[in-house]
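Undergrad: Quick one: the structure is below, questions incoming.
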Amino acid sequence: MGDGDQGRTVSGWLRDIEVFAGPLAEFDPERAPADPVRLFLCWLSDAVADGLRDPHAMTLSTVDEAGDPDARILVLKGVDGSGWRFAGHCFSPKGHQLAVHPRAALTFYWPEHGRQVRLRGTVAPGSAEENAADFLGRSATARAASLLARQSQYLADPAERDHALAKSSALIEQAPSLVDSAWTLYTLAPAEVEFWQAAKDRVHTRLRYERTADDGWERFRLWS
């Protein structure tokens, strides 16, 4: 089979995968609240109530020094009027990227409900107290791994990692209140938040909130 035939086979296979298979959630933009945080928490609550897996998982998208995009999956740490929160090591790739370009995008997707939420805005690090509180709220293993400060570096021998992690875990056990000063709780303050509701007929519903000059919100319907 040639490359062209294989490409057509893969394309056909992908096209045949069913999307929006289950009963989709309903969404009436005319009844949406004035604040996107309220609508987001409503959609998140729906996902949790229906038992969707990892409902607080999200894609964080950043750009590096050269302007090349990067993305990874994280979990949401909190949301309120100031923004959406996530955490990471400031010496990690995402930490370096946010230090150079403190802007990012977040994407939430709940396929069983046919719902997606997209945000873009500026990112700011938390205070030392906020960072410490988030770090101490993590599991002992996660804290031990963070103290290694080796995320995304090349690993030549897994045994070396396991030995270093064991030493770090012992340190955590001896000093459970130890805090990694490089651990950072970030807040993304969105300039825009878009809610996307799928429809089986592919006439999807999109509602965008855009921040106004007086720090309020204006809503716009978008073409699907």
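Identifiers for the structure tokens are assigned positionally: chains receive A, B, ... in sequence, residues are indexed from 1 per chain, and ligands are indexed from 1 in the order shown.
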Using DSSP assignments from the backbone, pull out every residue in range 42-154 of chain A that falls under helix (DSSP H, G or I) and give it to me as a PyMOL selection string.

TA: chain A and resi 42-49+93-100+128-136+140-148

Undergrad: Quick one: residues within 12 Å of Trp217 in chain A, only C-alpha atoms, excluding same-chain residues fewer than 5 positions away - as a list of chain:residue names?

TA: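 Using only C-alpha atoms, the neighbours found are A:Pro33, A:Ala34, A:Asp35, A:Pro36, A:Val37, A:Gly81, A:Pro190, A:Ala191, A:Glu192, A:Val193, A:Glu194, A:Arg208, A:Tyr209, A:Glu210, A:Arg211, A:Thr212.
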
Undergrad: Got a sec: who's within 9 Å of range 150-163 of chain A, counting only C-alpha atoms, leaving out chain neighbours fewer than 5 positions off, as a list in words?

TA: His89, Phe91, Ser92, Pro93, Ala145 and Ser168 of chain A

Undergrad: Quick one: of A:Glu65, A:Arg31, A:Ala25, A:Glu129, who's nearest to Gln116 in chain A, counting only C-alpha atoms?

TA: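 Looking only at the distances to Gln116 in chain A, the closest residue turns out to be A:Ala25.
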
Undergrad: Using only C-alpha atoms, which of the listed residues (A:Gly83, A:Trp110, A:Gly121, A:Ala149) sits closest to Leu44 in chain A?

TA: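 Smallest separation from Leu44 in chain A among the options: A:Trp110.
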
Undergrad: Show me, as a PyMOL selection string, the residues that have an atom within 12 Å of range 54-58 of chain A when counting only C-alpha atoms, minus same-chain residues fewer than 6 positions from it.

TA: chain A and resi 40-41+43-48+71-79+84-86+105-113+115-119

Undergrad: To one decimal in Å, tell me the separation between CA of His101 in chain A and CA of Ser139 in chain A.

TA: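 CA of Ser139 in chain A lies at a distance of 29.6 Å from CA of His101 in chain A.
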
Undergrad: Would you mind telling me which residue in A:Gly67, A:Pro125, A:Gly137, A:Gly114 lies nearest to Ala21 in chain A when using only C-alpha atoms?

TA: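 Going through A:Gly67, A:Pro125, A:Gly137, A:Gly114 one by one, the smallest distance to Ala21 in chain A is for A:Gly114.
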
Undergrad: What lies within 12 Å of Leu171 in chain A using only C-alpha atoms, ignoring chain neighbours under 5 positions off, as a list of chain:residue names?

TA: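 Those residues are A:Ala140, A:Thr141, A:Arg143, A:Ala144, A:Ala145, A:Leu147, A:Leu148, A:Ala164, A:Leu165, A:Ala166, A:Pro176, A:Ser177, A:Leu178, A:Val179, A:Asp180.
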
Undergrad: Write out as a ChimeraX atom specification which residues come within 10 Å of Ala128 in chain A when counting only C-alpha atoms, dropping same-chain ones fewer than 5 positions away.

TA: /A:133,181-185

Undergrad: Using only C-alpha atoms, can you tell me which of A:Leu39, A:Asp16, A:Asp64, A:Asp134 comes closest to Trp196 in chain A?

TA: A:Leu39

Undergrad: Write down as a PyMOL selection string the residues of range 24-179 of chain A whose backbone DSSP state falls under strand (DSSP E or B).

TA: chain A and resi 57-63+69-75+78-80+83-89+103-110+115-125

Undergrad: I'd like the contact shell of Asp28 in chain A - 12 Å cut-off, only C-alpha atoms, skipping same-chain residues fewer than 6 positions apart - returned as a PDB file with N, CA and C atoms, in the first residue's frame.

TA:
ATOM      1  N   LEU A  39     -21.530  30.788  34.481  1.00  0.00           N
ATOM      2  CA  LEU A  39     -21.869  29.803  33.463  1.00  0.00           C
ATOM      3  C   LEU A  39     -20.851  28.666  33.451  1.00  0.00           C
ATOM      4  N   PHE A 195     -18.066  29.891  25.105  1.00  0.00           N
ATOM      5  CA  PHE A 195     -18.789  28.655  25.415  1.00  0.00           C
ATOM      6  C   PHE A 195     -19.329  28.078  24.113  1.00  0.00           C
ATOM      7  N   TRP A 196     -19.076  26.790  23.904  1.00  0.00           N
ATOM      8  CA  TRP A 196     -19.434  26.116  22.659  1.00  0.00           C
ATOM      9  C   TRP A 196     -20.271  24.891  22.985  1.00  0.00           C
ATOM     10  N   GLN A 197     -21.465  24.841  22.444  1.00  0.00           N
ATOM     11  CA  GLN A 197     -22.375  23.721  22.656  1.00  0.00           C
ATOM     12  C   GLN A 197     -22.613  23.023  21.331  1.00  0.00           C
ATOM     13  N   HIS A 204     -23.823  24.312  15.596  1.00  0.00           N
ATOM     14  CA  HIS A 204     -23.419  24.457  16.983  1.00  0.00           C
ATOM     15  C   HIS A 204     -23.732  25.864  17.512  1.00  0.00           C
ATOM     16  N   THR A 205     -23.823  25.966  18.818  1.00  0.00           N
ATOM     17  CA  THR A 205     -24.110  27.250  19.465  1.00  0.00           C
ATOM     18  C   THR A 205     -22.845  27.768  20.127  1.00  0.00           C
ATOM     19  N   ARG A 206     -22.518  29.025  19.833  1.00  0.00           N
ATOM     20  CA  ARG A 206     -21.311  29.635  20.406  1.00  0.00           C
ATOM     21  C   ARG A 206     -21.679  30.979  21.038  1.00  0.00           C
ATOM     22  N   LEU A 207     -21.210  31.171  22.251  1.00  0.00           N
ATOM     23  CA  LEU A 207     -21.438  32.425  22.977  1.00  0.00           C
ATOM     24  C   LEU A 207     -20.107  32.887  23.536  1.00  0.00           C
ATOM     25  N   ARG A 221     -23.142  36.406  20.296  1.00  0.00           N
ATOM     26  CA  ARG A 221     -23.350  35.125  19.614  1.00  0.00           C
ATOM     27  C   ARG A 221     -22.376  35.052  18.437  1.00  0.00           C
TER      28      ARG A 221
END

Undergrad: What is the CA of Val123 in chain A-CA of Cys90 in chain A distance in Å, reported with one decimal?

TA: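 Atom-to-atom, CA of Val123 in chain A and CA of Cys90 in chain A are spaced 12.8 Å apart.
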
Undergrad: Expressed in Å to a single decimal, how great is the separation between CA of Ser82 in chain A and CA of Ala189 in chain A?

TA: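 CA of Ser82 in chain A sits 6.1 Å away from CA of Ala189 in chain A.
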